[in-house]
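Novice: See start_39.cif below, with mmCIF, C-alpha atoms and all ligand atoms.
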data_structure
loop_
_atom_site.label_atom_id
_atom_site.label_comp_id
_atom_site.auth_asym_id
_atom_site.auth_seq_id
_atom_site.Cartn_x
_atom_site.Cartn_y
_atom_site.Cartn_z
CA MET A 8 35.74 5.75 -40.37
CA GLU A 9 35.28 3.86 -37.15
CA GLU A 10 38.33 1.79 -36.40
CA ILE A 11 37.62 -1.03 -34.01
CA PHE A 12 40.56 -3.21 -34.94
CA SER A 13 44.06 -2.26 -34.11
CA PRO A 14 46.57 -2.02 -35.65
CA LYS A 15 44.63 -2.92 -38.82
CA SER A 16 41.38 -1.11 -39.47
CA PHE A 17 37.93 -2.30 -40.41
CA PRO A 18 35.26 0.16 -41.53
CA LEU A 19 32.28 -1.15 -39.54
CA SER A 20 31.54 -1.22 -35.83
CA GLU A 21 30.97 -4.63 -34.23
CA GLU A 22 27.26 -3.90 -33.88
CA LYS A 23 26.88 -2.92 -37.52
CA LEU A 24 28.90 -5.94 -38.66
CA ARG A 25 26.65 -8.32 -36.68
CA GLU A 26 23.63 -6.69 -38.32
CA VAL A 27 25.16 -7.20 -41.77
CA ILE A 28 25.89 -10.87 -40.99
CA LYS A 29 22.21 -11.42 -40.10
CA LYS A 30 21.29 -10.37 -43.63
CA PHE A 31 24.31 -11.78 -45.50
CA PRO A 32 25.63 -14.95 -43.87
CA THR A 33 29.39 -15.46 -43.69
CA PRO A 34 31.70 -15.99 -45.43
CA PHE A 35 31.81 -12.86 -47.59
CA HIS A 36 34.26 -10.29 -48.82
CA ILE A 37 33.34 -6.71 -48.07
CA TYR A 38 34.88 -3.72 -49.86
CA ASP A 39 35.04 -0.09 -48.75
CA GLU A 40 34.19 2.40 -51.50
CA LYS A 41 35.70 5.36 -49.65
CA LYS A 42 39.04 3.62 -49.15
CA ILE A 43 39.22 2.59 -52.83
CA LYS A 44 38.70 6.21 -53.87
CA GLU A 45 41.36 7.39 -51.40
CA ASN A 46 43.83 4.84 -52.76
CA PHE A 47 43.22 6.02 -56.32
CA HIS A 48 43.69 9.67 -55.42
CA LYS A 49 46.94 8.91 -53.62
CA LEU A 50 48.32 7.34 -56.80
CA LYS A 51 47.00 10.18 -58.95
CA GLU A 52 48.63 12.73 -56.65
CA THR A 53 51.96 10.90 -57.05
CA PHE A 54 52.00 11.84 -60.72
CA SER A 55 50.28 15.23 -60.43
CA TRP A 56 53.39 16.90 -61.92
CA ALA A 57 53.07 14.99 -65.18
CA TYR A 58 51.59 16.61 -68.31
CA ASP A 59 49.17 13.69 -68.44
CA PHE A 60 48.63 10.64 -66.20
CA ARG A 61 46.35 7.63 -66.43
CA GLU A 62 45.83 4.73 -64.07
CA HIS A 63 44.50 1.64 -65.84
CA PHE A 64 43.09 -0.39 -62.92
CA ALA A 65 44.22 -4.02 -63.22
CA VAL A 66 40.79 -5.66 -63.45
CA LYS A 67 42.16 -9.07 -62.48
CA ALA A 68 42.69 -7.82 -58.90
CA THR A 69 38.96 -7.33 -58.23
CA PRO A 70 37.03 -8.35 -61.34
CA ASN A 71 33.66 -6.95 -60.37
CA PRO A 72 32.14 -4.19 -62.55
CA HIS A 73 30.76 -2.45 -59.43
CA ILE A 74 34.33 -1.99 -58.19
CA VAL A 75 35.70 -1.06 -61.62
CA LYS A 76 32.94 1.56 -61.90
CA ILE A 77 33.94 3.23 -58.61
CA LEU A 78 37.44 3.77 -59.99
CA ALA A 79 36.18 4.70 -63.46
CA ASP A 80 33.95 7.42 -61.98
CA GLU A 81 37.06 8.89 -60.35
CA GLY A 82 38.85 8.90 -63.72
CA ALA A 83 40.65 5.57 -63.91
CA GLY A 84 40.74 3.33 -66.97
CA THR A 85 41.28 -0.43 -67.02
CA ASP A 86 44.04 -2.91 -67.70
CA CYS A 87 42.53 -6.11 -69.07
CA SER A 88 44.19 -9.43 -69.79
CA SER A 89 41.31 -11.62 -70.90
CA LEU A 90 38.05 -11.50 -72.82
CA ALA A 91 36.08 -11.62 -69.56
CA GLU A 92 38.01 -8.64 -68.21
CA LEU A 93 37.32 -6.67 -71.41
CA LEU A 94 33.60 -7.42 -70.94
CA ILE A 95 33.76 -6.36 -67.26
CA SER A 96 35.40 -3.12 -68.36
CA GLU A 97 32.71 -2.53 -70.97
CA THR A 98 29.95 -3.26 -68.41
CA ALA A 99 31.50 -0.70 -66.07
CA GLY A 100 31.37 1.84 -68.91
CA VAL A 101 35.11 1.88 -69.61
CA THR A 102 35.79 1.71 -73.36
CA GLY A 103 38.14 3.16 -76.00
CA GLU A 104 41.69 4.05 -75.05
CA LYS A 105 40.83 4.10 -71.37
CA ILE A 106 41.40 0.36 -71.79
CA ILE A 107 44.78 -1.21 -72.30
CA LEU A 108 44.83 -4.89 -73.21
CA THR A 109 47.99 -6.24 -71.59
CA SER A 110 47.78 -9.96 -72.08
CA ASN A 111 50.15 -12.72 -73.07
CA ASP A 112 49.69 -15.91 -75.08
CA THR A 113 46.68 -13.99 -76.38
CA PRO A 114 43.82 -15.73 -78.23
CA ALA A 115 42.39 -14.08 -81.36
CA ASP A 116 38.99 -13.29 -79.80
CA GLU A 117 40.64 -11.08 -77.15
CA PHE A 118 42.41 -9.03 -79.80
CA GLN A 119 39.16 -8.78 -81.77
CA LYS A 120 37.16 -7.56 -78.77
CA ALA A 121 39.90 -5.07 -77.84
CA VAL A 122 39.92 -3.63 -81.38
CA GLU A 123 36.11 -3.48 -81.35
CA LEU A 124 36.22 -1.51 -78.08
CA GLY A 125 38.88 0.87 -79.47
CA ALA A 126 41.33 -0.17 -76.76
CA ILE A 127 45.08 0.35 -76.70
CA ILE A 128 46.73 -3.01 -77.35
CA ASN A 129 49.98 -3.83 -75.61
CA LEU A 130 51.78 -6.72 -77.31
CA ASP A 131 53.77 -9.25 -75.33
CA ASP A 132 55.82 -10.57 -78.25
CA ILE A 133 57.17 -9.49 -81.64
CA THR A 134 55.35 -12.36 -83.40
CA HIS A 135 52.04 -10.96 -82.16
CA ILE A 136 52.30 -8.09 -84.67
CA ASP A 137 51.47 -10.47 -87.54
CA PHE A 138 49.00 -12.46 -85.42
CA LEU A 139 47.14 -9.28 -84.49
CA GLU A 140 47.15 -7.93 -88.06
CA LYS A 141 45.82 -11.22 -89.43
CA ASN A 142 43.19 -11.88 -86.74
CA ALA A 143 41.89 -8.48 -85.70
CA GLY A 144 43.67 -5.67 -87.53
CA PHE A 145 45.64 -2.97 -85.74
CA PRO A 146 44.27 -0.65 -83.06
CA LYS A 147 44.86 3.11 -83.39
CA CYS A 148 47.45 2.98 -80.63
CA LEU A 149 49.85 0.06 -80.22
CA SER A 150 52.23 -0.62 -77.36
CA PHE A 151 54.94 -3.17 -76.57
CA ARG A 152 55.86 -4.78 -73.28
CA TYR A 153 59.57 -4.47 -72.56
CA ASN A 154 61.43 -7.13 -70.60
CA PRO A 155 64.59 -5.48 -69.23
CA ALA A 156 66.22 -8.85 -68.39
CA ASP A 157 67.67 -7.60 -65.08
CA ILE A 158 66.60 -5.01 -62.56
CA MET A 159 69.51 -3.42 -60.71
CA ASN A 160 69.61 -1.16 -57.70
CA LYS A 161 71.92 1.83 -57.32
CA GLY A 162 74.86 -0.36 -56.35
CA ASN A 163 74.20 -2.38 -59.52
CA ASP A 164 73.18 -5.46 -57.56
CA ILE A 165 70.49 -7.45 -59.29
CA ILE A 166 67.25 -7.17 -57.33
CA GLY A 167 65.03 -8.91 -59.85
CA LYS A 168 65.42 -11.26 -62.77
CA PRO A 169 62.80 -10.48 -65.41
CA ALA A 170 64.96 -12.55 -67.82
CA GLU A 171 63.45 -15.61 -66.12
CA ALA A 172 59.91 -14.35 -66.73
CA LYS A 173 57.79 -15.29 -69.73
CA TYR A 174 56.71 -11.71 -70.40
CA GLY A 175 57.74 -9.08 -72.86
CA LEU A 176 60.19 -8.37 -75.69
CA THR A 177 63.98 -8.15 -75.46
CA ARG A 178 65.70 -4.82 -75.96
CA GLU A 179 66.61 -5.46 -79.60
CA GLN A 180 63.15 -6.86 -80.38
CA ILE A 181 61.61 -3.65 -79.04
CA PHE A 182 63.28 -1.52 -81.73
CA SER A 183 62.39 -3.98 -84.52
CA ALA A 184 58.80 -4.20 -83.28
CA TYR A 185 58.19 -0.44 -83.57
CA GLU A 186 59.88 -0.36 -87.00
CA ILE A 187 57.83 -3.28 -88.36
CA SER A 188 54.50 -1.91 -87.10
CA LYS A 189 55.32 1.61 -88.30
CA ASN A 190 55.99 0.19 -91.77
CA LYS A 191 52.63 -1.58 -91.57
CA GLY A 192 50.92 1.78 -91.04
CA VAL A 193 50.53 2.07 -87.25
CA LYS A 194 50.99 5.72 -86.28
CA ARG A 195 50.57 5.95 -82.52
CA PHE A 196 52.66 4.07 -79.97
CA GLY A 197 53.22 3.47 -76.28
CA LEU A 198 55.74 1.52 -74.23
CA HIS A 199 55.06 -0.76 -71.26
CA THR A 200 56.80 -2.82 -68.63
CA MET A 201 55.74 -4.63 -65.46
CA VAL A 202 58.61 -5.88 -63.36
CA ALA A 203 57.64 -5.41 -59.71
CA SER A 204 55.06 -7.21 -57.61
CA ASN A 205 53.87 -6.19 -54.16
CA GLU A 206 56.92 -3.92 -53.88
CA LEU A 207 57.06 -1.53 -50.90
CA GLY A 208 60.49 0.09 -51.48
CA THR A 209 61.00 3.22 -53.57
CA GLU A 210 64.08 2.18 -55.49
CA THR A 211 62.54 -0.44 -57.80
CA PHE A 212 59.98 2.09 -59.04
CA LEU A 213 62.68 4.68 -59.72
CA TYR A 214 64.88 2.17 -61.51
CA THR A 215 61.93 1.05 -63.64
CA ALA A 216 61.13 4.65 -64.56
CA LYS A 217 64.78 5.33 -65.42
CA ILE A 218 65.17 2.44 -67.84
CA MET A 219 61.78 3.19 -69.41
CA PHE A 220 62.52 6.90 -69.87
CA GLU A 221 65.93 6.10 -71.37
CA LEU A 222 64.36 3.60 -73.71
CA ALA A 223 61.68 6.11 -74.78
CA ALA A 224 64.44 8.64 -75.57
CA GLU A 225 66.39 6.05 -77.54
CA ILE A 226 63.29 5.01 -79.52
CA LYS A 227 62.89 8.65 -80.51
CA ASN A 228 66.55 8.96 -81.52
CA ARG A 229 66.83 5.73 -83.43
CA LEU A 230 63.39 5.51 -85.02
CA GLY A 231 61.98 9.04 -84.90
CA ILE A 232 58.94 7.80 -82.95
CA ASN A 233 57.45 10.08 -80.28
CA LEU A 234 55.81 7.67 -77.86
CA GLU A 235 52.43 8.80 -76.49
CA PHE A 236 52.82 7.07 -73.16
CA VAL A 237 55.13 5.14 -70.92
CA ASN A 238 53.27 2.59 -68.81
CA LEU A 239 55.22 1.68 -65.67
CA GLY A 240 52.92 -1.26 -64.84
CA GLY A 241 51.55 -2.16 -61.43
CA GLY A 242 53.30 -3.77 -58.50
CA PHE A 243 52.77 -1.08 -55.86
CA GLY A 244 52.62 -3.14 -52.69
CA ILE A 245 50.54 -2.87 -49.52
CA PRO A 246 51.75 -3.61 -45.99
CA TYR A 247 50.07 -6.94 -45.29
CA ARG A 248 51.99 -7.21 -42.01
CA PRO A 249 51.27 -4.56 -39.38
CA THR A 250 55.05 -4.11 -39.06
CA GLU A 251 55.54 -3.22 -42.74
CA LYS A 252 55.71 0.36 -43.99
CA PRO A 253 53.46 1.43 -46.85
CA VAL A 254 54.90 2.66 -50.17
CA ASP A 255 56.26 6.20 -49.82
CA PHE A 256 54.24 7.58 -52.74
CA LYS A 257 55.66 11.06 -52.18
CA ALA A 258 59.23 9.79 -52.59
CA VAL A 259 58.23 7.68 -55.61
CA GLY A 260 56.53 10.69 -57.25
CA GLU A 261 59.40 13.08 -56.57
CA GLY A 262 62.02 10.57 -57.68
CA ILE A 263 60.23 9.80 -60.95
CA HIS A 264 59.62 13.51 -61.54
CA GLU A 265 63.35 14.15 -61.22
CA LEU A 266 64.13 11.41 -63.75
CA PHE A 267 61.48 12.84 -66.05
CA GLU A 268 63.15 16.28 -65.99
CA LYS A 269 66.57 14.71 -66.53
CA ILE A 270 65.75 12.24 -69.32
CA ILE A 271 62.34 12.90 -70.89
CA VAL A 272 62.33 16.70 -71.09
CA PRO A 273 65.75 17.01 -72.87
CA ALA A 274 64.59 14.30 -75.30
CA GLY A 275 61.70 16.57 -76.30
CA LEU A 276 59.07 14.14 -74.99
CA GLU A 277 57.64 16.28 -72.18
CA LYS A 278 54.04 15.68 -73.29
CA ILE A 279 54.38 11.92 -72.90
CA ARG A 280 51.67 10.41 -70.69
CA ILE A 281 52.69 8.47 -67.60
CA ALA A 282 50.49 5.42 -67.14
CA THR A 283 50.24 2.80 -64.41
CA GLU A 284 48.19 -0.37 -64.10
CA SER A 285 47.94 -0.83 -60.39
CA GLY A 286 45.60 -3.42 -58.91
CA ARG A 287 46.70 -4.25 -55.38
CA ALA A 288 47.33 -0.65 -54.30
CA MET A 289 43.81 0.35 -55.42
CA THR A 290 41.72 -2.33 -53.70
CA GLY A 291 43.99 -4.58 -51.58
CA ASN A 292 43.60 -2.80 -48.25
CA ALA A 293 39.97 -1.93 -49.02
CA GLY A 294 38.66 -5.49 -48.76
CA TRP A 295 38.15 -7.98 -45.90
CA LEU A 296 37.08 -11.61 -45.76
CA VAL A 297 34.59 -12.11 -42.92
CA SER A 298 34.26 -15.67 -41.68
CA THR A 299 32.77 -17.61 -38.75
CA VAL A 300 34.55 -20.18 -36.55
CA LEU A 301 32.95 -23.60 -37.00
CA HIS A 302 35.32 -25.86 -35.09
CA GLU A 303 38.18 -25.92 -32.68
CA LYS A 304 40.46 -28.93 -32.76
CA ASN A 305 43.36 -29.72 -30.43
CA THR A 306 45.77 -32.44 -31.56
CA TYR A 307 49.52 -31.96 -31.95
CA LYS A 308 48.64 -28.34 -32.69
CA ASN A 309 45.61 -26.14 -32.04
CA TYR A 310 43.38 -25.58 -35.04
CA ILE A 311 40.58 -23.11 -35.65
CA GLY A 312 38.33 -24.20 -38.54
CA LEU A 313 36.45 -21.52 -40.46
CA ASP A 314 33.41 -21.54 -42.73
CA SER A 315 35.66 -20.26 -45.53
CA CYS A 316 38.63 -21.88 -47.23
CA MET A 317 41.24 -21.47 -49.93
CA ALA A 318 38.38 -21.14 -52.44
CA ASN A 319 37.73 -17.71 -50.91
CA LEU A 320 41.33 -16.59 -50.41
CA MET A 321 44.18 -18.49 -51.95
CA ARG A 322 47.19 -16.25 -51.28
CA PRO A 323 48.33 -17.78 -47.96
CA ALA A 324 48.25 -21.32 -49.38
CA LEU A 325 49.67 -20.35 -52.76
CA TYR A 326 52.55 -18.12 -51.71
CA GLY A 327 52.67 -18.38 -47.94
CA ALA A 328 51.33 -14.82 -47.92
CA TYR A 329 50.60 -13.17 -44.58
CA HIS A 330 47.08 -11.85 -43.98
CA HIS A 331 46.38 -10.21 -40.66
CA ILE A 332 43.48 -11.70 -38.67
CA SER A 333 41.28 -9.97 -36.08
CA VAL A 334 38.78 -11.67 -33.80
CA VAL A 335 35.71 -9.47 -33.51
CA GLY A 336 35.19 -8.14 -29.99
CA LYS A 337 38.55 -9.50 -28.82
CA GLU A 338 40.86 -6.98 -30.46
CA ASN A 339 42.23 -5.85 -27.12
CA PHE A 340 42.44 -9.26 -25.47
CA PRO A 341 45.91 -10.70 -24.89
CA HIS A 342 47.14 -12.58 -27.97
CA ASP A 343 48.38 -15.47 -25.86
CA LYS A 344 47.15 -18.44 -27.89
CA ILE A 345 48.86 -19.97 -30.91
CA TYR A 346 46.62 -21.32 -33.64
CA ASP A 347 46.62 -22.59 -37.18
CA VAL A 348 43.56 -21.04 -38.81
CA THR A 349 42.27 -23.42 -41.46
CA GLY A 350 39.68 -23.97 -44.14
CA SER A 351 37.97 -27.25 -44.96
CA LEU A 352 39.73 -28.43 -48.13
CA CYS A 353 41.30 -31.88 -48.19
CA GLU A 354 44.58 -30.14 -48.79
CA ASN A 355 46.91 -29.52 -45.86
CA ASN A 356 48.05 -26.11 -47.07
CA ASP A 357 44.47 -24.80 -46.80
CA LYS A 358 45.44 -22.54 -43.92
CA PHE A 359 44.92 -18.79 -43.53
CA ALA A 360 47.56 -18.59 -40.81
CA ILE A 361 50.10 -20.93 -39.25
CA ASN A 362 51.34 -20.60 -35.64
CA ARG A 363 49.53 -17.26 -35.33
CA ASN A 364 49.34 -15.50 -31.97
CA LEU A 365 45.67 -14.72 -31.37
CA PRO A 366 43.32 -14.19 -28.45
CA LYS A 367 41.49 -17.26 -27.16
CA ILE A 368 38.97 -18.13 -29.87
CA ASP A 369 35.56 -19.72 -29.30
CA ILE A 370 33.24 -21.50 -31.71
CA GLY A 371 30.94 -18.93 -33.30
CA ASP A 372 33.50 -16.11 -33.15
CA ILE A 373 33.69 -13.87 -36.20
CA LEU A 374 37.13 -13.56 -37.77
CA ILE A 375 38.17 -10.76 -40.06
CA ILE A 376 40.92 -11.54 -42.53
CA HIS A 377 42.44 -8.24 -43.65
CA ASP A 378 43.68 -6.94 -47.00
CA THR A 379 41.71 -9.34 -49.20
CA GLY A 380 40.48 -6.67 -51.64
CA ALA A 381 42.91 -7.55 -54.43
CA HIS A 382 43.72 -11.01 -55.80
CA GLY A 383 41.40 -12.41 -53.09
CA HIS A 384 37.92 -13.46 -54.24
CA ALA A 385 39.30 -13.21 -57.78
CA MET A 386 41.58 -16.22 -57.40
CA GLY A 387 38.76 -18.43 -56.10
CA PHE A 388 38.25 -21.92 -57.45
CA ASN A 389 35.95 -24.86 -56.88
CA TYR A 390 38.17 -27.73 -55.75
CA ASN A 391 36.34 -30.14 -53.40
CA GLY A 392 33.10 -28.59 -54.63
CA LYS A 393 33.67 -25.56 -52.42
CA LEU A 394 31.75 -22.48 -53.47
CA ARG A 395 32.93 -18.91 -53.83
CA SER A 396 31.47 -16.39 -51.42
CA ALA A 397 29.42 -13.27 -51.91
CA GLU A 398 30.96 -9.81 -52.34
CA LEU A 399 29.51 -6.82 -50.49
CA LEU A 400 30.22 -3.15 -50.94
CA LEU A 401 30.14 -0.61 -48.15
CA LYS A 402 29.13 2.52 -50.02
CA GLU A 403 30.27 5.98 -49.05
CA ASN A 404 26.77 6.78 -47.76
CA GLY A 405 26.94 3.82 -45.35
CA GLU A 406 24.66 1.54 -47.36
CA ILE A 407 25.72 -2.10 -47.71
CA LYS A 408 25.16 -3.43 -51.20
CA LEU A 409 25.41 -7.00 -52.46
CA ILE A 410 27.59 -6.80 -55.60
CA ARG A 411 27.98 -10.54 -56.19
CA ARG A 412 25.86 -13.27 -54.66
CA ALA A 413 27.46 -16.39 -53.26
CA GLU A 414 27.74 -19.36 -55.59
CA THR A 415 25.16 -22.11 -55.13
CA LEU A 416 25.33 -25.84 -55.78
CA ASP A 417 23.21 -25.20 -58.88
CA ASP A 418 26.03 -22.97 -60.18
CA TYR A 419 28.53 -25.69 -59.39
CA PHE A 420 26.58 -28.39 -61.23
CA SER A 421 25.45 -26.16 -64.12
CA THR A 422 28.24 -27.21 -66.52
CA LEU A 423 27.65 -30.95 -66.10
CA VAL A 424 25.93 -32.83 -68.89
CA LYS A 425 22.75 -34.47 -67.50
CA MET A 426 23.00 -38.24 -66.88
C1 LIG A 501 48.89 -8.39 -62.24
C2 LIG A 501 49.22 -7.31 -63.17
C3 LIG A 501 49.05 -5.97 -62.80
C4 LIG A 501 48.60 -5.55 -61.43
O1 LIG A 501 49.51 -5.87 -60.47
P1 LIG A 501 49.34 -5.35 -58.95
O2 LIG A 501 50.44 -6.05 -58.26
O3 LIG A 501 48.00 -5.78 -58.52
O4 LIG A 501 49.50 -3.88 -58.99
C5 LIG A 501 49.31 -5.00 -63.73
N1 LIG A 501 49.73 -5.32 -64.98
C6 LIG A 501 49.92 -6.59 -65.37
C7 LIG A 501 50.35 -6.86 -66.75
C8 LIG A 501 49.68 -7.63 -64.48
O5 LIG A 501 49.87 -8.89 -64.87
#
Spell out the structure here as structure tokens.

Specialist:
Amino acid sequence: MEEIFSPKSFPLSEEKLREVIKKFPTPFHIYDEKKIKENFHKLKETFSWAYDFREHFAVKATPNPHIVKILADEGAGTDCSSLAELLISETAGVTGEKIILTSNDTPADEFQKAVELGAIINLDDITHIDFLEKNAGFPKCLSFRYNPADIMNKGNDIIGKPAEAKYGLTREQIFSAYEISKNKGVKRFGLHTMVASNELGTETFLYTAKIMFELAAEIKNRLGINLEFVNLGGGFGIPYRPTEKPVDFKAVGEGIHELFEKIIVPAGLEKIRIATESGRAMTGNAGWLVSTVLHEKNTYKNYIGLDSCMANLMRPALYGAYHHISVVGKENFPHDKIYDVTGSLCENNDKFAINRNLPKIDIGDILIIHDTGAHGHAMGFNYNGKLRSAELLLKENGEIKLIRRAETLDDYFSTLVKM
């Protein structure tokens, strides 16, 4: 991989990128197949000690069947939370128990499609047992999402408050839920939680594994149910800032392995499958938004206006998220200017960066916004009639493939009733 941008990398040379832009005008997201595969294998390696491991890629991160297929060909399944995501999974050839439906406030048609596909269904609430039975019937393998109320670190300080989150069942509901569904004839079960988001530290993952392993052991003791899998959810972070350290997957793997030996093996559950449903850590650092500078504006501050906006990448505006920005051909120039980098929405928080140190930017410069591979294009919307961009894939053989065309005005107007 040729790295022209430092400290963040980009997989194409400047010359090649300019060639691509001639064929596919900016803005677009481009994804790197090789990097996605590497990310998957890093996660798989983390759990290589387990009797069985499955990553269910969180489709919502990059809901494009071409991307899902790359991961599926490497052995990943999918985590779906909507009917559209189930259909994307099916299109990518992922069916049966390679799918887990982890949704909440679930409509009947999602449950029906999941049952039709033979998916594992992970219920978000105890009342969904009856709703599922009535509207779709039970899948072969049923799971419940546990909400542990608080997440503590080693010193027993609270580091997260899942009790404030809408997801999952309480501890007591979990036991009742397995008992009720067992009495209704369900024979195979799993257990799920998802408490972290964009987490870089090791401790949260170990704490999550510990409470889940203990709960699995207690479910066996109290109810005589041998769970088939424990799904630890997603939430593996990526270092958006060049100063952040990536997740120490080795430490996470070793720490969870130790807990497995200490809690799961003595409970007689050593053949339990470890599952994850990572999105961000699979595709986040393998995607870039490429955009052209349209305007420079100097008022009380200095603004750089791009040909993309919040419709293409919402994270900075939505959560104040940091995305690193490189100016093509100026990577090594002094970063002695301070700019707000904006989009064109009539919405003042439509900014990709605020007070960012960058090299002097000129109209027509190409900007690369890093780490847009997950929850990037996917969050796009059409406010102000802005259109979502194309998605390109850099294949391992060097070929650039269009995997989603840009939206057109015809797409935008297609739902209107004719006047
Ligand atoms: C969003 C989500 C994921 C993926 O989260 P990442 O932070 O992208 O790893 C996994 N599972 C559920 C239930 C989610 O809502």

Novice: Using all atoms listed in the file for the distances, tell me which of A:Phe47, A:Tyr58, A:Trp295, A:Phe182 is nearest to Glu225 in chain A.

Specialist: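 Of all the options, A:Phe182 lies closest to Glu225 in chain A.
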
Novice: Where does chain A meet ligand LIG 501 (chain A) within 9 Å, residue by residue, with the nearest atom pair and distance in Å to one decimal for each, counting all atoms listed in the file, listed by chain and rising number, as JSON lines?

Specialist:
{"residue": "A:His63", "atom": "CA", "partner": "A:LIG501", "partner_atom": "C5", "distance": 8.5}
{"residue": "A:Phe64", "atom": "CA", "partner": "A:LIG501", "partner_atom": "C4", "distance": 7.7}
{"residue": "A:Ala65", "atom": "CA", "partner": "A:LIG501", "partner_atom": "C4", "distance": 5.0}
{"residue": "A:Val66", "atom": "CA", "partner": "A:LIG501", "partner_atom": "C4", "distance": 8.1}
{"residue": "A:Lys67", "atom": "CA", "partner": "A:LIG501", "partner_atom": "C1", "distance": 6.8}
{"residue": "A:Ala68", "atom": "CA", "partner": "A:LIG501", "partner_atom": "O3", "distance": 5.7}
{"residue": "A:Asp86", "atom": "CA", "partner": "A:LIG501", "partner_atom": "N1", "distance": 6.8}
{"residue": "A:Cys87", "atom": "CA", "partner": "A:LIG501", "partner_atom": "C7", "distance": 8.2}
{"residue": "A:Ser88", "atom": "CA", "partner": "A:LIG501", "partner_atom": "C7", "distance": 7.3}
{"residue": "A:Leu108", "atom": "CA", "partner": "A:LIG501", "partner_atom": "C7", "distance": 8.7}
{"residue": "A:Thr109", "atom": "CA", "partner": "A:LIG501", "partner_atom": "C7", "distance": 5.4}
{"residue": "A:Ser110", "atom": "CA", "partner": "A:LIG501", "partner_atom": "C7", "distance": 6.7}
{"residue": "A:Asn111", "atom": "CA", "partner": "A:LIG501", "partner_atom": "C7", "distance": 8.6}
{"residue": "A:Arg152", "atom": "CA", "partner": "A:LIG501", "partner_atom": "C7", "distance": 8.8}
{"residue": "A:Tyr174", "atom": "CA", "partner": "A:LIG501", "partner_atom": "C7", "distance": 8.8}
{"residue": "A:His199", "atom": "CA", "partner": "A:LIG501", "partner_atom": "C7", "distance": 8.9}
{"residue": "A:Thr200", "atom": "CA", "partner": "A:LIG501", "partner_atom": "C7", "distance": 7.8}
{"residue": "A:Met201", "atom": "CA", "partner": "A:LIG501", "partner_atom": "C7", "distance": 6.0}
{"residue": "A:Val202", "atom": "CA", "partner": "A:LIG501", "partner_atom": "C6", "distance": 8.9}
{"residue": "A:Ala203", "atom": "CA", "partner": "A:LIG501", "partner_atom": "O2", "distance": 7.4}
{"residue": "A:Ser204", "atom": "CA", "partner": "A:LIG501", "partner_atom": "O2", "distance": 4.8}
{"residue": "A:Asn205", "atom": "CA", "partner": "A:LIG501", "partner_atom": "O2", "distance": 5.3}
{"residue": "A:Glu206", "atom": "CA", "partner": "A:LIG501", "partner_atom": "O2", "distance": 8.1}
{"residue": "A:Leu239", "atom": "CA", "partner": "A:LIG501", "partner_atom": "N1", "distance": 8.9}
{"residue": "A:Gly240", "atom": "CA", "partner": "A:LIG501", "partner_atom": "N1", "distance": 5.2}
{"residue": "A:Gly241", "atom": "CA", "partner": "A:LIG501", "partner_atom": "O4", "distance": 3.6}
{"residue": "A:Gly242", "atom": "CA", "partner": "A:LIG501", "partner_atom": "O2", "distance": 3.7}
{"residue": "A:Phe243", "atom": "CA", "partner": "A:LIG501", "partner_atom": "O4", "distance": 5.3}
{"residue": "A:Gly244", "atom": "CA", "partner": "A:LIG501", "partner_atom": "O2", "distance": 6.7}
{"residue": "A:Thr283", "atom": "CA", "partner": "A:LIG501", "partner_atom": "C5", "distance": 7.9}
{"residue": "A:Glu284", "atom": "CA", "partner": "A:LIG501", "partner_atom": "C5", "distance": 4.8}
{"residue": "A:Ser285", "atom": "CA", "partner": "A:LIG501", "partner_atom": "O4", "distance": 3.7}
{"residue": "A:Gly286", "atom": "CA", "partner": "A:LIG501", "partner_atom": "O3", "distance": 3.4}
{"residue": "A:Arg287", "atom": "CA", "partner": "A:LIG501", "partner_atom": "O3", "distance": 3.7}
{"residue": "A:Ala288", "atom": "CA", "partner": "A:LIG501", "partner_atom": "O4", "distance": 6.1}
{"residue": "A:Met289", "atom": "CA", "partner": "A:LIG501", "partner_atom": "O4", "distance": 7.9}
{"residue": "A:Thr290", "atom": "CA", "partner": "A:LIG501", "partner_atom": "O3", "distance": 8.6}
{"residue": "A:Gly291", "atom": "CA", "partner": "A:LIG501", "partner_atom": "O3", "distance": 8.1}
{"residue": "A:Ala381", "atom": "CA", "partner": "A:LIG501", "partner_atom": "O3", "distance": 6.8}
{"residue": "A:His382", "atom": "CA", "partner": "A:LIG501", "partner_atom": "O3", "distance": 7.3}

Novice: How far is it from CA of Asn142 in chain A to CA of Ile181 in chain A, in Å with one decimal?

Specialist: 21.6 Å

Novice: So which residues are close to (46.3, 10.8, -56.7), meaning at most 12 Å away in the file's coordinates with all atoms listed in the file counted, and can you show them as a ChimeraX atom specification?

Specialist: /A:43-57,60-62,78,81-83,256-257,260,283,288-289

Novice: Can you work out the spacing between CA of Thr415 in chain A and CA of His36 in chain A in Å, to one decimal?

Specialist: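 Calculated distance between CA of Thr415 in chain A and CA of His36 in chain A is 16.2 Å.
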
Novice: Counting only C-alpha atoms, which residues of range 126-200 of chain A sit at most 12 Å from some atom of range 91-99 of chain A, and what is each one's closest atom pair with its distance in Å to one decimal, listed by chain and rising residue number, as a Markdown table?

Specialist:
| residue | atom | partner | partner_atom | distance |
| --- | --- | --- | --- | --- |
| A:Ala126 | CA | A:Leu93 | CA | 9.3 |
| A:Ile127 | CA | A:Leu93 | CA | 11.7 |
| A:Ile128 | CA | A:Leu93 | CA | 11.7 |

Novice: Select, from A:Met317, A:Ala274, A:Ala184, A:Leu198, the residue with the minimum atom-to-atom distance to Asn228 in chain A, counting all atoms listed in the file.

Specialist: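 Using all atoms listed in the file, the shortest distance to Asn228 in chain A belongs to A:Ala274.
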